[in-house]
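Source file: data.cif (mmCIF, C-alpha atoms)
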data_start
#
loop_
_atom_site.group_PDB
_atom_site.id
_atom_site.type_symbol
_atom_site.label_atom_id
_atom_site.label_comp_id
_atom_site.auth_asym_id
_atom_site.auth_seq_id
_atom_site.Cartn_x
_atom_site.Cartn_y
_atom_site.Cartn_z
ATOM 1 C CA MET A 10 -80.064 -55.846 84.807
ATOM 2 C CA LEU A 11 -78.414 -56.244 88.210
ATOM 3 C CA ARG A 12 -75.773 -58.534 86.703
ATOM 4 C CA ILE A 13 -74.955 -55.983 84.030
ATOM 5 C CA LEU A 14 -74.505 -53.267 86.665
ATOM 6 C CA GLN A 15 -72.335 -55.596 88.753
ATOM 7 C CA PHE A 16 -70.207 -56.390 85.663
ATOM 8 C CA LEU A 17 -69.727 -52.711 84.861
ATOM 9 C CA TYR A 18 -68.887 -51.983 88.496
ATOM 10 C CA SER A 19 -66.190 -54.671 88.419
ATOM 11 C CA LEU A 20 -64.642 -52.862 85.442
ATOM 12 C CA ARG A 21 -64.886 -49.412 86.968
ATOM 13 C CA SER A 22 -61.126 -48.908 87.098
ATOM 14 C CA PHE A 23 -60.631 -49.880 83.452
ATOM 15 C CA LEU A 24 -63.566 -47.799 82.244
ATOM 16 C CA LEU A 25 -62.296 -44.803 84.202
ATOM 17 C CA PHE A 26 -58.881 -45.275 82.602
ATOM 18 C CA VAL A 27 -60.391 -45.384 79.105
ATOM 19 C CA LEU A 28 -62.502 -42.299 79.789
ATOM 20 C CA LEU A 29 -59.472 -40.360 81.004
ATOM 21 C CA GLU A 30 -57.421 -41.476 77.986
ATOM 22 C CA VAL A 31 -60.136 -40.304 75.603
ATOM 23 C CA LEU A 32 -60.348 -36.998 77.460
ATOM 24 C CA ALA A 33 -56.570 -36.582 77.339
ATOM 25 C CA ILE A 34 -56.427 -37.309 73.609
ATOM 26 C CA SER A 35 -59.297 -34.898 73.007
ATOM 27 C CA LEU A 36 -57.467 -32.127 74.901
ATOM 28 C CA ILE A 37 -54.223 -32.793 73.018
ATOM 29 C CA VAL A 38 -55.962 -32.770 69.640
ATOM 30 C CA SER A 39 -57.980 -29.647 70.452
ATOM 31 C CA ASN A 40 -55.065 -27.594 71.796
ATOM 32 C CA ASN A 41 -52.158 -28.710 69.573
ATOM 33 C CA SER A 42 -52.370 -28.084 65.826
ATOM 34 C CA PRO A 43 -49.821 -30.713 64.622
ATOM 35 C CA GLN A 44 -51.401 -33.500 66.648
ATOM 36 C CA GLY A 45 -54.891 -32.374 65.654
ATOM 37 C CA ALA A 46 -54.044 -32.384 61.943
ATOM 38 C CA ALA A 47 -52.459 -35.831 62.175
ATOM 39 C CA PHE A 48 -55.484 -37.186 64.051
ATOM 40 C CA PHE A 49 -58.061 -35.862 61.614
ATOM 41 C CA ASN A 50 -56.031 -36.937 58.570
ATOM 42 C CA SER A 51 -55.791 -40.455 59.958
ATOM 43 C CA SER A 52 -59.476 -40.453 60.822
ATOM 44 C CA ASN A 53 -60.433 -39.281 57.340
ATOM 45 C CA ALA A 54 -58.237 -41.928 55.750
ATOM 46 C CA VAL A 55 -59.839 -44.725 57.773
ATOM 47 C CA THR A 56 -63.348 -43.407 57.148
ATOM 48 C CA GLY A 57 -62.653 -42.960 53.445
ATOM 49 C CA SER A 58 -61.299 -46.501 53.175
ATOM 50 C CA VAL A 59 -64.395 -47.935 54.875
ATOM 51 C CA LEU A 60 -66.759 -45.917 52.689
ATOM 52 C CA LYS A 61 -64.869 -46.889 49.518
ATOM 53 C CA THR A 62 -65.052 -50.573 50.440
ATOM 54 C CA ARG A 63 -68.782 -50.229 51.109
ATOM 55 C CA SER A 64 -69.289 -48.420 47.797
ATOM 56 C CA ASP A 65 -67.303 -51.071 45.883
ATOM 57 C CA ILE A 66 -69.438 -53.842 47.374
ATOM 58 C CA VAL A 67 -72.696 -52.047 46.544
ATOM 59 C CA ASP A 68 -71.491 -51.258 43.011
ATOM 60 C CA PHE A 69 -70.466 -54.871 42.444
ATOM 61 C CA PHE A 70 -73.927 -56.189 43.225
ATOM 62 C CA SER A 71 -75.561 -53.536 41.036
ATOM 63 C CA LEU A 72 -73.365 -54.149 37.967
ATOM 64 C CA ALA A 73 -75.909 -56.371 36.222
ATOM 65 C CA GLU A 74 -78.641 -53.750 36.533
ATOM 66 C CA ALA A 75 -76.276 -50.996 35.379
ATOM 67 C CA ASN A 76 -75.145 -53.015 32.358
ATOM 68 C CA ASP A 77 -78.735 -53.751 31.356
ATOM 69 C CA ALA A 78 -79.521 -50.034 31.542
ATOM 70 C CA LEU A 79 -76.473 -49.164 29.427
ATOM 71 C CA LEU A 80 -77.409 -51.812 26.860
ATOM 72 C CA GLY A 81 -80.853 -50.285 26.511
ATOM 73 C CA GLU A 82 -79.446 -46.783 26.103
ATOM 74 C CA ASN A 83 -76.856 -47.930 23.551
ATOM 75 C CA ALA A 84 -79.521 -49.797 21.584
ATOM 76 C CA GLN A 85 -81.599 -46.610 21.362
ATOM 77 C CA LEU A 86 -78.542 -44.601 20.275
ATOM 78 C CA MET A 87 -77.673 -47.142 17.564
ATOM 79 C CA GLU A 88 -81.240 -46.988 16.270
ATOM 80 C CA GLN A 89 -81.030 -43.199 16.066
ATOM 81 C CA LEU A 90 -77.607 -43.363 14.403
ATOM 82 C CA LYS A 91 -78.859 -45.841 11.822
ATOM 83 C CA SER A 92 -81.695 -43.525 10.884
ATOM 84 C CA LEU A 93 -79.268 -40.608 10.504
ATOM 85 C CA ASN A 94 -77.019 -42.643 8.188
ATOM 86 C CA VAL A 95 -79.781 -43.429 5.679
ATOM 87 C CA SER A 96 -78.722 -41.953 2.341
ATOM 88 C CA PRO A 97 -81.375 -39.634 0.856
ATOM 89 C CA ASP A 98 -82.685 -40.333 -2.627
ATOM 90 C CA SER A 99 -81.136 -37.971 -5.155
ATOM 91 C CA SER A 100 -84.531 -37.260 -6.710
ATOM 92 C CA PHE A 101 -86.147 -36.522 -3.309
ATOM 93 C CA ILE A 102 -88.664 -39.308 -3.867
ATOM 94 C CA PRO A 103 -89.162 -41.573 -0.828
ATOM 95 C CA LEU A 104 -86.974 -44.659 -1.061
ATOM 96 C CA ASP A 105 -88.429 -48.060 -1.726
ATOM 97 C CA SER A 106 -89.314 -49.806 1.556
ATOM 98 C CA VAL A 107 -86.634 -52.478 1.015
ATOM 99 C CA LEU A 108 -83.865 -49.889 0.546
ATOM 100 C CA ALA A 109 -85.106 -47.702 3.385
ATOM 101 C CA ALA A 110 -85.476 -50.601 5.833
ATOM 102 C CA GLN A 111 -85.052 -49.356 9.391
ATOM 103 C CA TYR A 112 -83.633 -51.453 12.196
ATOM 104 C CA ASP A 113 -84.655 -51.657 15.839
ATOM 105 C CA PHE A 114 -82.038 -52.512 18.480
ATOM 106 C CA LYS A 115 -82.442 -54.157 21.885
ATOM 107 C CA GLY A 116 -79.962 -55.167 24.571
ATOM 108 C CA ALA A 117 -79.671 -58.619 26.165
ATOM 109 C CA ARG A 118 -77.295 -60.769 28.190
ATOM 110 C CA ILE A 119 -76.027 -64.248 27.328
ATOM 111 C CA ILE A 120 -76.863 -66.620 30.190
ATOM 112 C CA SER A 121 -75.756 -69.827 28.460
ATOM 113 C CA ASN A 122 -73.309 -70.412 25.637
ATOM 114 C CA SER A 123 -71.489 -73.334 24.007
ATOM 115 C CA ILE A 124 -68.439 -73.408 21.734
ATOM 116 C CA ARG A 125 -67.370 -77.071 21.691
ATOM 117 C CA PHE A 126 -70.048 -78.567 19.434
ATOM 118 C CA ALA A 127 -70.607 -78.479 15.690
ATOM 119 C CA GLN A 128 -73.991 -76.784 16.200
ATOM 120 C CA ASN A 129 -73.512 -74.323 19.036
ATOM 121 C CA HIS A 130 -76.332 -72.287 20.572
ATOM 122 C CA LEU A 131 -76.667 -69.499 23.105
ATOM 123 C CA THR A 132 -79.449 -68.462 25.480
ATOM 124 C CA LEU A 133 -80.447 -64.846 26.151
ATOM 125 C CA ASN A 134 -82.212 -63.356 29.171
ATOM 126 C CA LYS A 135 -84.813 -61.568 27.028
ATOM 127 C CA GLY A 136 -87.890 -63.009 25.312
ATOM 128 C CA SER A 137 -91.167 -62.100 23.617
ATOM 129 C CA ASN A 138 -92.183 -59.973 26.612
ATOM 130 C CA ASP A 139 -89.227 -57.736 25.727
ATOM 131 C CA GLY A 140 -90.012 -57.647 22.004
ATOM 132 C CA VAL A 141 -87.522 -60.336 20.949
ATOM 133 C CA LYS A 142 -88.532 -62.296 17.842
ATOM 134 C CA ALA A 143 -87.177 -65.295 15.971
ATOM 135 C CA GLY A 144 -84.868 -64.284 13.134
ATOM 136 C CA MET A 145 -83.340 -61.239 14.834
ATOM 137 C CA GLY A 146 -79.600 -60.796 14.416
ATOM 138 C CA ILE A 147 -77.280 -60.961 17.427
ATOM 139 C CA PHE A 148 -74.032 -58.988 17.686
ATOM 140 C CA ASN A 149 -71.841 -57.226 20.240
ATOM 141 C CA GLU A 150 -69.239 -54.475 20.232
ATOM 142 C CA SER A 151 -66.752 -56.820 18.536
ATOM 143 C CA GLY A 152 -68.926 -58.203 15.757
ATOM 144 C CA VAL A 153 -71.523 -60.758 14.687
ATOM 145 C CA VAL A 154 -72.550 -63.335 17.316
ATOM 146 C CA GLY A 155 -75.456 -65.217 15.753
ATOM 147 C CA ARG A 156 -79.195 -65.218 15.049
ATOM 148 C CA VAL A 157 -82.275 -65.778 17.225
ATOM 149 C CA LYS A 158 -83.856 -69.194 16.568
ATOM 150 C CA SER A 159 -86.726 -69.514 19.059
ATOM 151 C CA VAL A 160 -88.321 -67.348 21.727
ATOM 152 C CA SER A 161 -90.312 -67.899 24.931
ATOM 153 C CA ALA A 162 -91.910 -65.264 27.155
ATOM 154 C CA ASN A 163 -88.696 -64.375 29.014
ATOM 155 C CA TYR A 164 -85.871 -66.104 27.129
ATOM 156 C CA ALA A 165 -84.528 -66.611 23.624
ATOM 157 C CA VAL A 166 -82.300 -69.282 22.071
ATOM 158 C CA GLY A 167 -79.988 -68.243 19.268
ATOM 159 C CA ILE A 168 -77.878 -70.032 16.687
ATOM 160 C CA SER A 169 -74.270 -69.076 17.310
ATOM 161 C CA LEU A 170 -71.981 -68.054 14.469
ATOM 162 C CA LEU A 171 -70.075 -71.138 15.648
ATOM 163 C CA ASN A 172 -72.760 -73.313 14.079
ATOM 164 C CA THR A 173 -72.076 -75.154 10.846
ATOM 165 C CA GLY A 174 -75.677 -74.577 9.780
ATOM 166 C CA LEU A 175 -75.517 -70.761 9.854
ATOM 167 C CA LEU A 176 -74.525 -68.655 6.849
ATOM 168 C CA VAL A 177 -73.988 -64.907 7.199
ATOM 169 C CA SER A 178 -74.092 -62.743 4.095
ATOM 170 C CA SER A 179 -70.826 -60.818 4.072
ATOM 171 C CA LYS A 180 -68.440 -58.778 1.976
ATOM 172 C CA ILE A 181 -64.788 -57.814 1.882
ATOM 173 C CA LYS A 182 -64.723 -54.202 3.004
ATOM 174 C CA SER A 183 -61.843 -53.091 0.776
ATOM 175 C CA ASN A 184 -63.348 -54.172 -2.545
ATOM 176 C CA GLU A 185 -67.071 -54.694 -1.767
ATOM 177 C CA VAL A 186 -66.971 -58.299 -3.053
ATOM 178 C CA PHE A 187 -69.609 -60.334 -1.256
ATOM 179 C CA GLY A 188 -69.802 -63.945 -0.147
ATOM 180 C CA SER A 189 -71.011 -65.952 2.857
ATOM 181 C CA VAL A 190 -69.281 -66.632 6.159
ATOM 182 C CA ASN A 191 -69.737 -70.145 7.525
ATOM 183 C CA TRP A 192 -68.043 -71.932 10.408
ATOM 184 C CA ASP A 193 -66.368 -75.203 9.441
ATOM 185 C CA GLY A 194 -66.622 -76.712 12.937
ATOM 186 C CA LYS A 195 -62.876 -76.687 13.619
ATOM 187 C CA ASN A 196 -61.422 -73.637 15.360
ATOM 188 C CA SER A 197 -63.765 -71.514 17.509
ATOM 189 C CA SER A 198 -61.840 -68.371 16.564
ATOM 190 C CA GLN A 199 -61.902 -68.884 12.775
ATOM 191 C CA ALA A 200 -64.410 -69.399 9.976
ATOM 192 C CA LYS A 201 -64.495 -69.650 6.179
ATOM 193 C CA MET A 202 -65.684 -67.059 3.693
ATOM 194 C CA LEU A 203 -67.374 -68.885 0.849
ATOM 195 C CA TYR A 204 -68.315 -68.136 -2.762
ATOM 196 C CA VAL A 205 -65.675 -65.488 -3.453
ATOM 197 C CA PRO A 206 -64.639 -65.851 -7.151
ATOM 198 C CA ARG A 207 -61.053 -66.864 -7.867
ATOM 199 C CA HIS A 208 -60.281 -63.700 -9.845
ATOM 200 C CA VAL A 209 -60.982 -61.443 -6.847
ATOM 201 C CA GLN A 210 -58.031 -59.762 -5.147
ATOM 202 C CA ALA A 211 -58.365 -60.715 -1.484
ATOM 203 C CA HIS A 212 -55.477 -60.337 0.939
ATOM 204 C CA PRO A 213 -54.686 -61.246 4.558
ATOM 205 C CA GLY A 214 -55.567 -58.307 6.752
ATOM 206 C CA ASP A 215 -58.674 -57.328 4.788
ATOM 207 C CA THR A 216 -61.755 -56.756 6.944
ATOM 208 C CA VAL A 217 -64.915 -58.816 6.420
ATOM 209 C CA VAL A 218 -68.244 -57.221 7.366
ATOM 210 C CA THR A 219 -71.948 -57.928 6.906
ATOM 211 C CA SER A 220 -73.135 -57.112 3.388
ATOM 212 C CA GLY A 221 -76.651 -55.915 4.208
ATOM 213 C CA PHE A 222 -77.965 -58.145 1.394
ATOM 214 C CA ASN A 223 -80.375 -59.965 3.708
ATOM 215 C CA ALA A 224 -82.988 -58.964 6.254
ATOM 216 C CA VAL A 225 -80.977 -60.005 9.323
ATOM 217 C CA PHE A 226 -78.027 -57.631 9.778
ATOM 218 C CA PRO A 227 -77.452 -54.046 8.684
ATOM 219 C CA GLU A 228 -74.497 -53.439 6.424
ATOM 220 C CA GLY A 229 -71.074 -52.971 7.986
ATOM 221 C CA ILE A 230 -71.084 -55.019 11.196
ATOM 222 C CA GLN A 231 -67.650 -56.599 11.519
ATOM 223 C CA ILE A 232 -67.280 -60.367 11.233
ATOM 224 C CA GLY A 233 -63.529 -60.848 11.126
ATOM 225 C CA ILE A 234 -60.171 -60.308 9.440
ATOM 226 C CA ILE A 235 -58.864 -62.406 6.551
ATOM 227 C CA ALA A 236 -56.048 -64.668 7.756
ATOM 228 C CA GLU A 237 -55.323 -66.825 4.683
ATOM 229 C CA VAL A 238 -56.250 -66.788 0.994
ATOM 230 C CA GLU A 239 -55.647 -69.894 -1.129
ATOM 231 C CA GLN A 240 -56.764 -71.084 -4.539
ATOM 232 C CA GLY A 241 -58.227 -74.249 -3.038
ATOM 233 C CA SER A 242 -59.661 -77.277 -4.798
ATOM 234 C CA ASP A 243 -62.801 -75.571 -6.129
ATOM 235 C CA PRO A 244 -62.080 -74.210 -9.636
ATOM 236 C CA ASN A 245 -64.531 -71.329 -9.210
ATOM 237 C CA TYR A 246 -63.974 -69.932 -5.705
ATOM 238 C CA LEU A 247 -61.158 -68.917 -3.379
ATOM 239 C CA ASP A 248 -60.530 -70.696 -0.093
ATOM 240 C CA ILE A 249 -60.580 -67.859 2.439
ATOM 241 C CA LEU A 250 -59.965 -68.299 6.169
ATOM 242 C CA ILE A 251 -60.882 -65.446 8.513
ATOM 243 C CA ASN A 252 -60.131 -64.744 12.150
ATOM 244 C CA LEU A 253 -63.442 -63.984 13.854
ATOM 245 C CA SER A 254 -63.593 -60.625 15.607
ATOM 246 C CA THR A 255 -65.853 -61.958 18.388
ATOM 247 C CA ASP A 256 -64.287 -63.991 21.191
ATOM 248 C CA PHE A 257 -67.107 -66.448 21.881
ATOM 249 C CA SER A 258 -65.465 -67.721 25.061
ATOM 250 C CA LYS A 259 -65.936 -64.245 26.585
ATOM 251 C CA ALA A 260 -69.193 -63.110 24.930
ATOM 252 C CA ASN A 261 -71.541 -61.716 27.576
ATOM 253 C CA TYR A 262 -73.683 -58.714 26.661
ATOM 254 C CA VAL A 263 -75.124 -58.473 23.146
ATOM 255 C CA TYR A 264 -77.465 -56.448 20.968
ATOM 256 C CA LEU A 265 -80.439 -57.748 19.004
ATOM 257 C CA VAL A 266 -81.295 -56.152 15.682
ATOM 258 C CA GLU A 267 -84.641 -56.396 13.892
ATOM 259 C CA ASN A 268 -85.482 -55.342 10.361
ATOM 260 C CA ASN A 269 -88.961 -53.812 10.426
ATOM 261 C CA GLN A 270 -89.596 -54.971 6.848
ATOM 262 C CA VAL A 271 -88.500 -58.592 7.302
ATOM 263 C CA GLU A 272 -92.052 -59.951 6.883
ATOM 264 C CA GLU A 273 -92.481 -58.024 3.649
ATOM 265 C CA LEU A 274 -89.161 -59.340 2.331
ATOM 266 C CA ASP A 275 -89.984 -62.929 3.270
ATOM 267 C CA SER A 276 -93.363 -62.643 1.553
ATOM 268 C CA LEU A 277 -91.691 -61.248 -1.559
ATOM 269 C CA TYR A 278 -89.158 -64.083 -1.600
ATOM 270 C CA GLN A 279 -91.939 -66.644 -1.323
ATOM 271 C CA GLN A 280 -93.876 -65.067 -4.179
ATOM 272 C CA SER A 281 -90.717 -65.084 -6.274
ATOM 273 C CA GLU A 282 -89.906 -68.672 -5.222
ATOM 274 C CA ILE A 283 -86.511 -67.541 -3.935
ATOM 275 C CA ILE A 284 -84.909 -69.478 -1.083
ATOM 276 C CA ASN A 285 -83.343 -67.119 1.446
ATOM 277 C CA GLU A 286 -80.434 -69.210 2.737
ATOM 278 C CA PHE A 287 -79.447 -66.623 5.314
#
Could you show the structure in this file as structure tokens?
Amino acid sequence: MLRILQFLYSLRSFLLFVLLEVLAISLIVSNNSPQGAAFFNSSNAVTGSVLKTRSDIVDFFSLAEANDALLGENAQLMEQLKSLNVSPDSSFIPLDSVLAAQYDFKGARIISNSIRFAQNHLTLNKGSNDGVKAGMGIFNESGVVGRVKSVSANYAVGISLLNTGLLVSSKIKSNEVFGSVNWDGKNSSQAKMLYVPRHVQAHPGDTVVTSGFNAVFPEGIQIGIIAEVEQGSDPNYLDILINLSTDFSKANYVYLVENNQVEELDSLYQQSEIINEF
């Protein structure tokens, strides 16, 4: 303590000078309007800059939590919207359970993703503890992303649309002609639409969306835009190339969709000895 007092005593002249300078500035600011306004404006600017920087840093580290919250809210809104868009039966009799299938939506984040293999997969940060189940569809604001393959307590692994083993039931939006979208393992931004008859009028620029013919995706989720239409070597079907609407190199946050009647549909298919290839 004595050393500190001795150090301060050695600086007595400097400290007195600083004190007098502060007092002089205070008197000038208090008794002269132009100088006072300039001082307080400068002070507010510095303080505002510091507070903004602090806020930006705090916001940056809370982005993940905020995005997860927004995903959950959007999933609930999509579920409500889907229920509002159900077409009523003209005879006012409750619709068959297959036609009136309702979908549940959940939000998740991709924590691992691949695009360079023939069978690409992605990993999500949600699992069975969050209600995620195998078979759920995966999509984002751009379009279809894939389908959940397996689930653990806290994580899920999905088959990417960039997987040669995945078929997605689809249709051309302009004419309602359906087919199946399948990746050919070549370009990560393009895929093929299969089983479209040769007599169908399909044109570049037409939008391809999910057909709703299976228990995975609701009708109308975008898959891509037709880029090329050729007659091809198959005498029965067109060779259609589409540009995928989802950029898989940037895919981050996604939604999971579940059909509440999927078990009933699967049971019906098994009884009918129908293979559901989707």
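Counting only C-alpha atoms and comparing A:Asp113, A:Gln210, A:Leu253, A:Val27, the residue that lies closest to Gln270 (chain A) is A:Asp113.
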Show me the residues close to (-78.4, -56.8, 22.9) - anything with an atom within 10 Å, counting all atoms listed in the file - and format the list as a PDB file with C-alpha atoms, keeping the file's coordinate frame.
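Resulting contents of out_27.pdb:
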ATOM      1  CA  ASP A  77     -78.735 -53.751  31.356  1.00  0.00           C
ATOM      2  CA  LEU A  80     -77.409 -51.812  26.860  1.00  0.00           C
ATOM      3  CA  GLY A  81     -80.853 -50.285  26.511  1.00  0.00           C
ATOM      4  CA  ASN A  83     -76.856 -47.930  23.551  1.00  0.00           C
ATOM      5  CA  ALA A  84     -79.521 -49.797  21.584  1.00  0.00           C
ATOM      6  CA  PHE A 114     -82.038 -52.512  18.480  1.00  0.00           C
ATOM      7  CA  LYS A 115     -82.442 -54.157  21.885  1.00  0.00           C
ATOM      8  CA  GLY A 116     -79.962 -55.167  24.571  1.00  0.00           C
ATOM      9  CA  ALA A 117     -79.671 -58.619  26.165  1.00  0.00           C
ATOM     10  CA  ARG A 118     -77.295 -60.769  28.190  1.00  0.00           C
ATOM     11  CA  ILE A 119     -76.027 -64.248  27.328  1.00  0.00           C
ATOM     12  CA  LEU A 133     -80.447 -64.846  26.151  1.00  0.00           C
ATOM     13  CA  ASN A 134     -82.212 -63.356  29.171  1.00  0.00           C
ATOM     14  CA  LYS A 135     -84.813 -61.568  27.028  1.00  0.00           C
ATOM     15  CA  VAL A 141     -87.522 -60.336  20.949  1.00  0.00           C
ATOM     16  CA  GLY A 146     -79.600 -60.796  14.416  1.00  0.00           C
ATOM     17  CA  ILE A 147     -77.280 -60.961  17.427  1.00  0.00           C
ATOM     18  CA  PHE A 148     -74.032 -58.988  17.686  1.00  0.00           C
ATOM     19  CA  ASN A 149     -71.841 -57.226  20.240  1.00  0.00           C
ATOM     20  CA  GLU A 150     -69.239 -54.475  20.232  1.00  0.00           C
ATOM     21  CA  ASN A 261     -71.541 -61.716  27.576  1.00  0.00           C
ATOM     22  CA  TYR A 262     -73.683 -58.714  26.661  1.00  0.00           C
ATOM     23  CA  VAL A 263     -75.124 -58.473  23.146  1.00  0.00           C
ATOM     24  CA  TYR A 264     -77.465 -56.448  20.968  1.00  0.00           C
ATOM     25  CA  LEU A 265     -80.439 -57.748  19.004  1.00  0.00           C
ATOM     26  CA  VAL A 266     -81.295 -56.152  15.682  1.00  0.00           C
TER      27      VAL A 266
END
Taking (-52.1, -65.1, 4.5) in the file's coordinates as the center, which residues reach within 10 Å of it, counting only C-alpha atoms, put as a compact mmCIF listing (two decimals) with C-alpha atoms, keeping the file's coordinate frame?
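Saved as point-v4.txt:
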# COMPACT_ATOMS: atom_id res chain seq x y z
CA ALA A 211 -58.36 -60.72 -1.48
CA HIS A 212 -55.48 -60.34 0.94
CA PRO A 213 -54.69 -61.25 4.56
CA GLY A 214 -55.57 -58.31 6.75
CA ILE A 235 -58.86 -62.41 6.55
CA ALA A 236 -56.05 -64.67 7.76
CA GLU A 237 -55.32 -66.82 4.68
CA VAL A 238 -56.25 -66.79 0.99
CA GLU A 239 -55.65 -69.89 -1.13
CA ILE A 249 -60.58 -67.86 2.44
CA LEU A 250 -59.96 -68.30 6.17
CA ILE A 251 -60.88 -65.45 8.51
Exactly which residues make up the result of the PyMOL selection byres ((chain A and resi 201-205) around 7) on this file, given as a list in words?
Phe187, Gly188, Ser189, Val190, Asn191, Trp192, Asp193, Ala200, Pro206, Arg207, Tyr246, Leu247, Ile249, Leu250 and Ile251 of chain A
Which residues match the PyMOL selection byres ((chain A and resi 254) around 12) in the file above, as a PyMOL selection string?
chain A and resi 148-154+170+197-200+216-218+230-236+251-253+255-260
So how far away is CA of Glu267 (chain A) from CA of Met145 (chain A), in Å?
5.1 Å
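Atom pair CA of Asn269 (chain A) / CA of Val177 (chain A): separated by 18.9 Å.
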Rounded to one decimal, what separation in Å do you get between CA of Ser178 (chain A) and CA of Val225 (chain A)?
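Computing the Euclidean distance for CA of Ser178 (chain A) and CA of Val225 (chain A) yields 9.1 Å.
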